[in-house]
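**Q** Structure supplied as protein_22.pdb; contents: PDB, C-alpha atoms and all ligand atoms.
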```
MODEL        1
ATOM      1  CA  MET A   1       3.277   5.317  19.949
ATOM      2  CA  LEU A   2      -0.076   3.592  19.547
ATOM      3  CA  ARG A   3      -0.235   4.392  15.834
ATOM      4  CA  SER A   4       3.187   2.994  15.024
ATOM      5  CA  CYS A   5       2.444  -0.158  17.034
ATOM      6  CA  THR A   6      -0.830  -0.553  15.162
ATOM      7  CA  ALA A   7       0.982  -0.162  11.835
ATOM      8  CA  ALA A   8       3.524  -2.795  12.875
ATOM      9  CA  LEU A   9       0.823  -5.204  13.974
ATOM     10  CA  ARG A  10      -0.984  -4.676  10.659
ATOM     11  CA  THR A  11       2.213  -5.742   8.879
ATOM     12  CA  LEU A  12       2.383  -8.727  11.203
ATOM     13  CA  ARG A  13      -1.182  -9.787  10.409
ATOM     14  CA  ALA A  14      -0.510  -9.408   6.674
ATOM     15  CA  LEU A  15       2.553 -11.608   7.024
ATOM     16  CA  ARG A  16       0.672 -14.196   9.036
ATOM     17  CA  GLY A  17      -1.792 -14.370   6.165
ATOM     18  CA  ARG A  18       1.061 -15.251   3.824
ATOM     19  CA  ARG A  19       2.811 -17.829   5.934
ATOM     20  CA  GLU A  20       1.940 -20.815   8.028
ATOM     21  CA  GLY A  21       4.493 -20.759  10.793
ATOM     22  CA  ALA A  22       7.492 -21.344   8.535
ATOM     23  CA  SER A  23      10.137 -18.932   7.328
ATOM     24  CA  PRO A  24       9.952 -17.910   3.641
ATOM     25  CA  ALA A  25      13.050 -20.017   2.957
ATOM     26  CA  ALA A  26      11.483 -23.080   4.570
ATOM     27  CA  ARG A  27       8.385 -22.709   2.382
ATOM     28  CA  ASP A  28      10.212 -22.118  -0.859
ATOM     29  CA  PRO A  29      13.094 -24.392  -1.942
ATOM     30  CA  VAL A  30      14.188 -21.909  -4.638
ATOM     31  CA  LEU A  31      14.362 -19.164  -2.048
ATOM     32  CA  ALA A  32      16.171 -21.539   0.319
ATOM     33  CA  ARG A  33      18.858 -22.179  -2.337
ATOM     34  CA  ARG A  34      19.268 -18.433  -2.877
ATOM     35  CA  TRP A  35      19.383 -17.855   0.874
ATOM     36  CA  PHE A  36      22.572 -19.842   1.202
ATOM     37  CA  SER A  37      24.063 -19.139  -2.213
ATOM     38  CA  THR A  38      26.792 -16.626  -2.976
ATOM     39  CA  GLU A  39      24.520 -14.839  -5.443
ATOM     40  CA  LYS A  40      25.053 -11.072  -5.430
ATOM     41  CA  VAL A  41      22.629  -9.369  -3.066
ATOM     42  CA  ILE A  42      21.316  -5.916  -3.915
ATOM     43  CA  PRO A  43      21.258  -4.075  -0.605
ATOM     44  CA  LYS A  44      18.126  -2.222   0.445
ATOM     45  CA  ASP A  45      18.560   0.962   2.406
ATOM     46  CA  HIS A  46      16.513   0.405   5.569
ATOM     47  CA  ALA A  47      17.638   3.686   7.123
ATOM     48  CA  LEU A  48      14.879   5.624   5.381
ATOM     49  CA  PRO A  49      11.331   6.394   6.525
ATOM     50  CA  ASN A  50       8.666   3.728   6.020
ATOM     51  CA  PRO A  51       4.955   3.792   7.007
ATOM     52  CA  SER A  52       5.699   2.256  10.425
ATOM     53  CA  TRP A  53       7.741   5.306  11.486
ATOM     54  CA  SER A  54       5.932   7.398  14.089
ATOM     55  CA  LYS A  55       5.494  11.167  13.826
ATOM     56  CA  ASP A  56       8.276  11.629  16.396
ATOM     57  CA  LEU A  57      10.713   9.554  14.368
ATOM     58  CA  ARG A  58       9.831  11.353  11.123
ATOM     59  CA  LEU A  59      10.233  14.732  12.813
ATOM     60  CA  LEU A  60      13.685  13.913  14.193
ATOM     61  CA  PHE A  61      14.696  12.350  10.872
ATOM     62  CA  ASP A  62      13.718  15.544   9.025
ATOM     63  CA  GLN A  63      15.650  17.680  11.544
ATOM     64  CA  PHE A  64      18.807  15.638  11.024
ATOM     65  CA  MET A  65      18.410  15.568   7.251
ATOM     66  CA  LYS A  66      18.446  19.387   7.451
ATOM     67  CA  LYS A  67      21.707  19.209   9.422
ATOM     68  CA  CYS A  68      23.151  17.108   6.585
ATOM     69  CA  GLU A  69      22.679  19.941   4.100
ATOM     70  CA  ASP A  70      25.885  21.793   5.096
ATOM     71  CA  GLY A  71      27.884  18.553   5.148
ATOM     72  CA  SER A  72      28.533  18.547   8.923
ATOM     73  CA  TRP A  73      26.338  15.461   9.342
ATOM     74  CA  GLU A  74      25.946  12.428   7.108
ATOM     75  CA  ARG A  75      23.096   9.922   7.075
ATOM     76  CA  LEU A  76      24.499   6.418   7.053
ATOM     77  CA  PRO A  77      22.636   4.087   4.729
ATOM     78  CA  SER A  78      21.878   0.703   6.321
ATOM     79  CA  TYR A  79      24.272  -1.072   3.965
ATOM     80  CA  LYS A  80      27.203   1.129   5.023
ATOM     81  CA  ASN A  81      28.715  -1.904   6.778
ATOM     82  CA  SER A  82      28.847  -3.822   3.491
ATOM     83  CA  LYS A  83      31.233  -1.120   2.251
ATOM     84  CA  LEU A  84      33.556  -1.895   5.154
ATOM     85  CA  VAL A  85      33.335  -5.671   4.941
ATOM     86  CA  LYS A  86      34.920  -6.952   1.733
ATOM     87  CA  GLU A  87      32.962 -10.196   1.489
ATOM     88  CA  GLN A  88      29.201 -10.040   1.822
ATOM     89  CA  LEU A  89      27.980 -13.484   2.936
ATOM     90  CA  SER A  90      25.059 -13.968   0.518
ATOM     91  CA  GLN A  91      21.839 -13.257   2.430
ATOM     92  CA  ALA A  92      23.591 -12.728   5.746
ATOM     93  CA  GLN A  93      22.677  -9.437   7.310
ATOM     94  CA  LEU A  94      22.915  -7.497  10.520
ATOM     95  CA  PHE A  95      20.204  -9.073  12.668
ATOM     96  CA  THR A  96      18.764  -5.691  13.590
ATOM     97  CA  ARG A  97      17.659  -5.461   9.962
ATOM     98  CA  GLY A  98      16.026  -8.895   9.775
ATOM     99  CA  TYR A  99      12.523  -7.828  10.814
ATOM    100  CA  GLU A 100       9.611  -6.711   8.665
ATOM    101  CA  ASP A 101       9.003  -2.943   8.727
ATOM    102  CA  GLY A 102       7.956  -1.716  12.154
ATOM    103  CA  LEU A 103       8.128  -5.014  14.059
ATOM    104  CA  GLY A 104      11.701  -4.862  15.281
ATOM    105  CA  PHE A 105      14.479  -2.310  15.042
ATOM    106  CA  GLU A 106      13.550   0.816  13.080
ATOM    107  CA  TYR A 107      16.520   3.160  13.100
ATOM    108  CA  VAL A 108      18.743   5.525  11.240
ATOM    109  CA  ILE A 109      22.245   6.645  12.197
ATOM    110  CA  PHE A 110      23.759  10.047  11.452
ATOM    111  CA  TYR A 111      27.504  10.659  11.688
ATOM    112  CA  ASN A 112      29.454  13.823  12.433
ATOM    113  CA  ASP A 113      33.054  13.346  11.337
ATOM    114  CA  ASP A 114      34.473  16.518  12.954
ATOM    115  CA  GLU A 115      33.076  15.567  16.338
ATOM    116  CA  LYS A 116      33.536  11.791  15.846
ATOM    117  CA  ARG A 117      30.046  11.108  17.064
ATOM    118  CA  THR A 118      26.845   9.472  15.898
ATOM    119  CA  VAL A 119      23.192  10.037  16.628
ATOM    120  CA  CYS A 120      20.930   7.037  16.249
ATOM    121  CA  LEU A 121      17.161   7.586  16.074
ATOM    122  CA  PHE A 122      15.540   4.352  17.193
ATOM    123  CA  GLN A 123      11.974   3.078  17.430
ATOM    124  CA  GLY A 124      11.751  -0.417  18.959
ATOM    125  CA  GLY A 125       8.738  -2.386  17.680
ATOM    126  CA  PRO A 126       6.412  -4.945  19.279
ATOM    127  CA  TYR A 127       8.735  -7.934  18.643
ATOM    128  CA  LEU A 128      11.297  -6.407  20.999
ATOM    129  CA  GLN A 129       9.164  -6.604  24.116
ATOM    130  CA  GLY A 130      10.591  -7.602  27.485
ATOM    131  CA  VAL A 131       8.505  -6.587  30.492
ATOM    132  CA  PRO A 132       5.014  -6.068  28.955
ATOM    133  CA  GLY A 133       4.840  -2.663  27.319
ATOM    134  CA  PHE A 134       8.593  -2.072  27.465
ATOM    135  CA  LEU A 135      11.655  -2.888  25.408
ATOM    136  CA  HIS A 136      13.717  -5.973  26.276
ATOM    137  CA  GLY A 137      17.109  -5.122  27.783
ATOM    138  CA  GLY A 138      18.816  -7.337  25.216
ATOM    139  CA  ALA A 139      17.193  -5.347  22.412
ATOM    140  CA  ILE A 140      18.397  -2.111  24.014
ATOM    141  CA  ALA A 141      21.894  -3.581  24.357
ATOM    142  CA  THR A 142      21.813  -4.695  20.725
ATOM    143  CA  MET A 143      20.833  -1.258  19.515
ATOM    144  CA  ILE A 144      23.488   0.393  21.685
ATOM    145  CA  ASP A 145      26.097  -2.056  20.353
ATOM    146  CA  ALA A 146      25.105  -1.347  16.750
ATOM    147  CA  ALA A 147      25.024   2.441  17.229
ATOM    148  CA  VAL A 148      28.221   2.707  19.252
ATOM    149  CA  GLY A 149      29.854   0.067  17.020
ATOM    150  CA  MET A 150      29.144   2.189  13.967
ATOM    151  CA  CYS A 151      30.689   5.220  15.698
ATOM    152  CA  ALA A 152      33.799   3.077  16.246
ATOM    153  CA  ALA A 153      33.817   1.392  12.838
ATOM    154  CA  ILE A 154      33.863   4.590  10.775
ATOM    155  CA  PRO A 155      37.214   5.853  12.077
ATOM    156  CA  GLY A 156      38.446   2.395  13.189
ATOM    157  CA  GLY A 157      37.557   0.147  10.241
ATOM    158  CA  ILE A 158      36.819  -3.472  11.122
ATOM    159  CA  VAL A 159      36.287  -3.499  14.876
ATOM    160  CA  MET A 160      34.680  -5.893  17.350
ATOM    161  CA  THR A 161      33.028  -5.228  20.679
ATOM    162  CA  ALA A 162      35.328  -6.348  23.494
ATOM    163  CA  ASN A 163      33.394  -4.792  26.347
ATOM    164  CA  LEU A 164      30.037  -3.105  26.739
ATOM    165  CA  ASN A 165      28.798  -1.700  30.064
ATOM    166  CA  ILE A 166      25.219  -0.515  30.263
ATOM    167  CA  ASN A 167      23.297   1.154  33.059
ATOM    168  CA  PHE A 168      19.569   0.750  32.457
ATOM    169  CA  LYS A 169      18.131   3.704  34.345
ATOM    170  CA  ARG A 170      14.496   3.824  33.167
ATOM    171  CA  PRO A 171      12.421   1.328  31.134
ATOM    172  CA  ILE A 172      11.836   2.300  27.497
ATOM    173  CA  PRO A 173       8.191   2.140  26.373
ATOM    174  CA  LEU A 174       7.656  -0.181  23.411
ATOM    175  CA  CYS A 175       7.251   1.655  20.089
ATOM    176  CA  SER A 176       8.510   4.945  21.516
ATOM    177  CA  VAL A 177      11.367   6.851  19.900
ATOM    178  CA  VAL A 178      14.725   7.244  21.601
ATOM    179  CA  VAL A 179      17.906   9.066  20.645
ATOM    180  CA  ILE A 180      21.251   7.312  21.114
ATOM    181  CA  ASN A 181      24.133   9.774  21.223
ATOM    182  CA  SER A 182      27.500   8.025  20.850
ATOM    183  CA  GLN A 183      30.965   9.493  20.868
ATOM    184  CA  LEU A 184      34.504   8.341  20.425
ATOM    185  CA  ASP A 185      36.307   9.300  23.638
ATOM    186  CA  LYS A 186      39.802   7.925  23.126
ATOM    187  CA  ILE A 187      41.939   5.745  20.863
ATOM    188  CA  GLU A 188      44.896   3.787  22.271
ATOM    189  CA  GLY A 189      46.560   1.709  19.581
ATOM    190  CA  ARG A 190      43.892  -0.766  18.402
ATOM    191  CA  LYS A 191      41.559   0.091  21.295
ATOM    192  CA  LEU A 192      38.692   2.501  20.756
ATOM    193  CA  PHE A 193      36.852   3.750  23.849
ATOM    194  CA  LEU A 194      33.319   5.026  23.312
ATOM    195  CA  SER A 195      30.366   6.150  25.371
ATOM    196  CA  CYS A 196      26.698   6.811  24.754
ATOM    197  CA  THR A 197      23.431   7.971  26.258
ATOM    198  CA  VAL A 198      19.918   6.852  25.388
ATOM    199  CA  ARG A 199      17.297   9.552  25.856
ATOM    200  CA  SER A 200      13.656  10.147  25.000
ATOM    201  CA  ALA A 201      12.897  12.058  21.795
ATOM    202  CA  ASP A 202      12.339  15.264  23.831
ATOM    203  CA  GLU A 203      15.622  14.556  25.691
ATOM    204  CA  LYS A 204      13.848  14.849  29.071
ATOM    205  CA  ILE A 205      14.310  11.205  30.113
ATOM    206  CA  LEU A 206      17.712   9.544  30.388
ATOM    207  CA  TYR A 207      16.933   5.855  29.783
ATOM    208  CA  SER A 208      20.409   4.335  29.666
ATOM    209  CA  GLU A 209      24.090   5.138  29.676
ATOM    210  CA  ALA A 210      26.837   2.932  28.310
ATOM    211  CA  THR A 211      30.545   2.708  27.678
ATOM    212  CA  GLY A 212      32.173   0.371  25.202
ATOM    213  CA  LEU A 213      35.590  -0.880  24.222
ATOM    214  CA  PHE A 214      36.021  -1.824  20.575
ATOM    215  CA  ILE A 215      39.144  -3.452  19.192
ATOM    216  CA  LYS A 216      40.364  -2.874  15.675
ATOM    217  CA  LEU A 217      41.052  -6.319  14.282
ATOM    218  CA  ASP A 218      44.657  -7.233  13.676
ATOM    219  CA  PRO A 219      44.911  -8.482  10.073
ATOM    220  CA  GLU A 220      47.786 -10.755  11.137
ATOM    221  CA  LYS A 221      45.622 -12.575  13.692
ATOM    222  CA  SER A 222      42.991 -15.188  12.926
ATOM    223  CA  LEU A 223      39.616 -14.736  14.650
ATOM    224  CA  ILE A 224      39.348 -18.490  15.295
TER     225      ILE A 224
HETATM  226  C1  LIG A 301      31.200  -3.338  16.305
HETATM  227  C2  LIG A 301      31.203  -2.878  14.911
HETATM  228  C3  LIG A 301      31.483  -3.999  14.017
HETATM  229  C4  LIG A 301      32.139  -3.451  12.858
HETATM  230  C5  LIG A 301      32.440  -4.560  11.931
HETATM  231  C6  LIG A 301      33.134  -3.976  10.846
HETATM  232  C7  LIG A 301      32.581  -3.577   9.806
HETATM  233  C8  LIG A 301      31.185  -3.508   9.756
HETATM  234  C9  LIG A 301      30.881  -2.102   9.975
HETATM  235  C10 LIG A 301      29.818  -1.691  10.599
HETATM  236  C11 LIG A 301      28.883  -2.576  11.266
HETATM  237  C12 LIG A 301      27.852  -1.744  11.752
HETATM  238  C13 LIG A 301      27.469  -1.696  12.992
HETATM  239  C14 LIG A 301      27.905  -2.629  14.013
HETATM  240  C15 LIG A 301      26.782  -3.440  14.365
HETATM  241  C16 LIG A 301      26.781  -4.257  15.326
HETATM  242  C17 LIG A 301      27.895  -4.420  16.222
HETATM  243  C18 LIG A 301      28.044  -5.850  16.472
HETATM  244  C19 LIG A 301      29.380  -6.023  17.109
HETATM  245  C20 LIG A 301      29.487  -7.397  17.615
HETATM  246  O1  LIG A 301      28.529  -8.038  17.868
HETATM  247  S1  LIG A 301      31.022  -8.026  17.841
HETATM  248  C21 LIG A 301      30.626  -9.594  18.562
HETATM  249  C22 LIG A 301      30.930  -9.664  20.013
HETATM  250  N1  LIG A 301      32.334  -9.578  20.206
HETATM  251  C23 LIG A 301      33.134 -10.608  20.014
HETATM  252  O2  LIG A 301      32.740 -11.676  19.663
HETATM  253  C24 LIG A 301      34.604 -10.336  20.282
HETATM  254  C25 LIG A 301      35.294 -11.584  20.794
HETATM  255  N2  LIG A 301      36.640 -11.232  21.137
HETATM  256  C26 LIG A 301      37.640 -11.308  20.236
HETATM  257  O3  LIG A 301      37.492 -11.823  19.146
HETATM  258  C27 LIG A 301      38.937 -10.738  20.650
HETATM  259  O4  LIG A 301      39.044 -10.674  22.034
HETATM  260  C28 LIG A 301      39.187  -9.333  20.047
HETATM  261  C29 LIG A 301      39.193  -9.432  18.525
HETATM  262  C30 LIG A 301      38.105  -8.347  20.507
HETATM  263  C31 LIG A 301      40.546  -8.818  20.510
HETATM  264  O5  LIG A 301      41.460  -9.833  20.255
HETATM  265  P1  LIG A 301      42.906  -9.517  19.661
HETATM  266  O6  LIG A 301      43.685 -10.783  19.736
HETATM  267  O7  LIG A 301      42.804  -8.838  18.364
HETATM  268  O8  LIG A 301      43.483  -8.457  20.659
HETATM  269  P2  LIG A 301      44.114  -8.653  22.101
HETATM  270  O9  LIG A 301      43.465  -9.721  22.871
HETATM  271  O10 LIG A 301      45.613  -8.713  21.930
HETATM  272  O11 LIG A 301      43.734  -7.263  22.792
HETATM  273  C32 LIG A 301      44.198  -6.039  22.254
HETATM  274  C33 LIG A 301      44.187  -5.038  23.376
HETATM  275  O12 LIG A 301      42.833  -4.911  23.863
HETATM  276  C34 LIG A 301      42.753  -5.272  25.241
HETATM  277  N3  LIG A 301      41.474  -5.975  25.475
HETATM  278  C35 LIG A 301      40.927  -6.930  24.706
HETATM  279  N4  LIG A 301      39.756  -7.302  25.198
HETATM  280  C36 LIG A 301      39.543  -6.545  26.279
HETATM  281  C37 LIG A 301      38.483  -6.446  27.203
HETATM  282  N5  LIG A 301      37.401  -7.217  27.087
HETATM  283  N6  LIG A 301      38.588  -5.558  28.192
HETATM  284  C38 LIG A 301      39.681  -4.753  28.308
HETATM  285  N7  LIG A 301      40.711  -4.782  27.444
HETATM  286  C39 LIG A 301      40.639  -5.686  26.458
HETATM  287  C40 LIG A 301      43.958  -6.147  25.476
HETATM  288  O13 LIG A 301      44.334  -6.145  26.841
HETATM  289  C41 LIG A 301      44.994  -5.500  24.592
HETATM  290  O14 LIG A 301      45.431  -4.319  25.245
HETATM  291  P3  LIG A 301      46.970  -3.825  25.169
HETATM  292  O15 LIG A 301      47.285  -3.664  23.706
HETATM  293  O16 LIG A 301      46.993  -2.550  25.916
HETATM  294  O17 LIG A 301      47.751  -4.926  25.804
ENDMDL
END
```
Translate this file's structure into structure tokens.
Ligand SMILES: CCCCC/C=C\C/C=C\C/C=C\C/C=C\CCCC(=O)SCCNC(=O)CCNC(=O)[C@H](O)C(C)(C)COP(=O)(O)OP(=O)(O)OC[C@H]1O[C@@H](n2cnc3c(N)ncnc32)[C@H](O)[C@@H]1OP(=O)(O)O

**A**
Amino acid sequence: MLRSCTAALRTLRALRGRREGASPAARDPVLARRWFSTEKVIPKDHALPNPSWSKDLRLLFDQFMKKCEDGSWERLPSYKNSKLVKEQLSQAQLFTRGYEDGLGFEYVIFYNDDEKRTVCLFQGGPYLQGVPGFLHGGAIATMIDAAVGMCAAIPGGIVMTANLNINFKRPIPLCSVVVINSQLDKIEGRKLFLSCTVRSADEKILYSEATGLFIKLDPEKSLI
């Protein structure tokens, strides 16, 4: 835990050296134009190990990559959603992927099609702090939404979260690794009912439990 936090803070210091309080787009008018242009964006796969990943996260990642060898599990690249959404809005991206390596949401999702379930390996970095030393509940909710949402979106297509109920049972230490197990419980028409648990890497601690209702969008209906 300490090592991955240190790595993240090193990245943070390096970034601070490069900027003076402003976002890269604010400092660079060329970048700012690109930011809001419709220029084609080459997606980077963030769902792969980087130096900020702790030993625990690497270990679990390697275990799941082994499970992928017989085809029962599939690692989902971080740009999987851009395959589902026809129009990519220039630089727009899932906000869980907007942080520098190690500072925010480090995660990878694996999918098992036969069992209609996903496993998300998640390490929440120092920018996601709530109570000192622990993850913010909103960050936990975000990660649950993204993990469970992905479990719904693969069979369901374009879905939106209509309801998310979370029981926060134990605080999650900052920079620790948790495993989010999500499953599709039931489909009724356009409604997909899912549930998930958030546990420690050794599975001994149950941190949170959640249920979610996702609605497959009706192409005939406007969202606004
Ligand atoms: C979540 C995954 C996103 C996937 C996006 C797709 C591709 C991208 C792929 C992957 C992305 C990767 C990961 C995902 C990452 C992050 C997840 C972020 C997800 C979000 O951050 S998302 C933002 C928050 N989310 C909203 O901003 C929704 C606001 N909302 C609405 O836009 C509408 O509300 C809508 C569209 C949901 C439904 O509207 P609608 O008009 O299509 O459907 P309608 O109202 O007719 O409901 C149909 C049936 O659902 C029942 N029903 C509806 N709502 C209910 C509720 N709350 N409780 C109980 N039942 C409910 C009705 O009672 C009826 O039931 P019945 O058919 O039995 O009568």

**Q** Would you give me, as CSV, each residue of chain A having an atom within 6 Å of an atom of ligand LIG 301 (chain A), along with its shortest atom pair and that distance in Å to one decimal, using all atoms listed in the file and sorting by chain and residue number?

**A**
```
residue,atom,partner,partner_atom,distance
A:Asn81,CA,A:LIG301,C9,3.9
A:Leu84,CA,A:LIG301,C7,5.0
A:Val85,CA,A:LIG301,C7,5.3
A:Asp145,CA,A:LIG301,C17,5.1
A:Ala146,CA,A:LIG301,C15,3.6
A:Gly149,CA,A:LIG301,C1,3.7
A:Met150,CA,A:LIG301,C13,4.3
A:Ala153,CA,A:LIG301,C4,5.1
A:Ile158,CA,A:LIG301,C6,3.7
A:Val159,CA,A:LIG301,C4,4.6
A:Met160,CA,A:LIG301,S1,4.3
A:Thr161,CA,A:LIG301,N1,4.4
A:Ala162,CA,A:LIG301,N5,4.2
A:Asn163,CA,A:LIG301,N5,4.7
A:Lys191,CA,A:LIG301,O12,5.8
A:Ile215,CA,A:LIG301,C30,5.2
A:Leu217,CA,A:LIG301,O7,5.1
A:Asp218,CA,A:LIG301,O7,5.3
A:Leu223,CA,A:LIG301,O3,5.8
```

**Q** Around (24.9, 12.0, 18.0), as given in the file, which residues come within 10 Å? Count only C-alpha atoms and list them as a ChimeraX atom specification.

**A** /A:64,73,109-112,115-121,147-148,151,179-183,196-197

**Q** Need to verify the contact set: stretch 203-212 of chain A, 6 Å, only C-alpha atoms, exclusion of same-chain residues closer than 3 positions in sequence. Can you return it as JSON, numbers by chain?

**A** {"A": [163, 164, 165, 166, 167, 168, 169, 170, 193, 194, 195, 196, 197, 198, 199, 200]}

**Q** Please, what distance in Å, to one decimal, runs between atom CA of A:Pro43 and atom CA of A:Asp70?

**A**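 We find that atom CA of A:Pro43 and atom CA of A:Asp70 lie 26.9 Å from each other.
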
**Q** Using all atoms listed in the file, which of the listed residues (A:Gly138, A:Pro132, A:Pro173, A:Gly124) sits closest to A:Trp53?

**A** A:Gly124

**Q** Compare A:Gly157, A:Lys221, A:Ala139, A:Arg75 by their minimum atom-to-atom distance to A:Phe95, counting all atoms listed in the file, and give me the closest one.

**A**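 Of the candidates, the smallest distance to A:Phe95 is held by A:Ala139.
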
**Q** For a quick check of understanding, using all atoms listed in the file, which of A:Arg97, A:Arg58, A:Lys66, A:Lys216 has the smallest distance to A:Lys44?

**A** A:Arg97

**Q** Atom CA of A:Ser72 to atom CA of A:Asp114: how many Å, to one decimal?

**A** 7.5 Å

**Q** Applied to this file, what does the PyMOL selection byres (((chain A and resi 59-61) around 9) and not hetatm) return in terms of residues, put as a PyMOL selection string?

**A** chain A and resi 48-49+54-58+62-66+108+121+201

**Q** For A:Ile172, please output as an MDAnalysis selection string all residues within 8 Å (counting only C-alpha atoms; exclusion window: fewer than 4 positions along the same chain).

**A** chainID A and resid 134:135 176 207

**Q** Which residues fall under the PyMOL selection byres (((chain A and resi 125) around 8) and not hetatm) in this file, as a compact mmCIF listing (two decimals) with C-alpha atoms, in the frame of the given file?

**A**
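In the end it all went to expr.txt:
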```
# COMPACT_ATOMS: atom_id res chain seq x y z
CA CYS A 5 2.44 -0.16 17.03
CA ALA A 8 3.52 -2.80 12.88
CA GLY A 102 7.96 -1.72 12.15
CA LEU A 103 8.13 -5.01 14.06
CA GLY A 104 11.70 -4.86 15.28
CA PHE A 105 14.48 -2.31 15.04
CA GLU A 106 13.55 0.82 13.08
CA GLN A 123 11.97 3.08 17.43
CA GLY A 124 11.75 -0.42 18.96
CA PRO A 126 6.41 -4.94 19.28
CA TYR A 127 8.74 -7.93 18.64
CA LEU A 128 11.30 -6.41 21.00
CA GLN A 129 9.16 -6.60 24.12
CA LEU A 174 7.66 -0.18 23.41
CA CYS A 175 7.25 1.66 20.09
```

**Q** In Å, how far is it from atom CA of A:Pro155 to atom CA of A:Asp113?

**A** 8.6 Å

**Q** Produce the centre coordinates and the three edge lengths, each in Å to one decimal, of the box along x, y and z that contains all listed atoms of stretch 191-207 of chain A with 3 Å added on each side, as AutoDock Vina command-line options.

**A**
```
--center_x 26.9 --center_y 7.7 --center_z 25.6 --size_x 35.2 --size_y 21.2 --size_z 15.6
```

**Q** Expanded to explicit residues, what is the PyMOL selection byres (((chain A and resi 77) around 6) and not hetatm) for this file, as a list of chain:residue names?

**A**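 Given this file, the PyMOL selection byres (((chain A and resi 77) around 6) and not hetatm) evaluates to A:Asp45, A:Ala47, A:Leu76, A:Ser78, A:Tyr79, A:Lys80.
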
**Q** Smallest atom-to-atom distance to A:Thr142: which of A:Asp101, A:Leu94, A:Glu220, A:Ile187, using all atoms listed in the file?

**A** A:Leu94
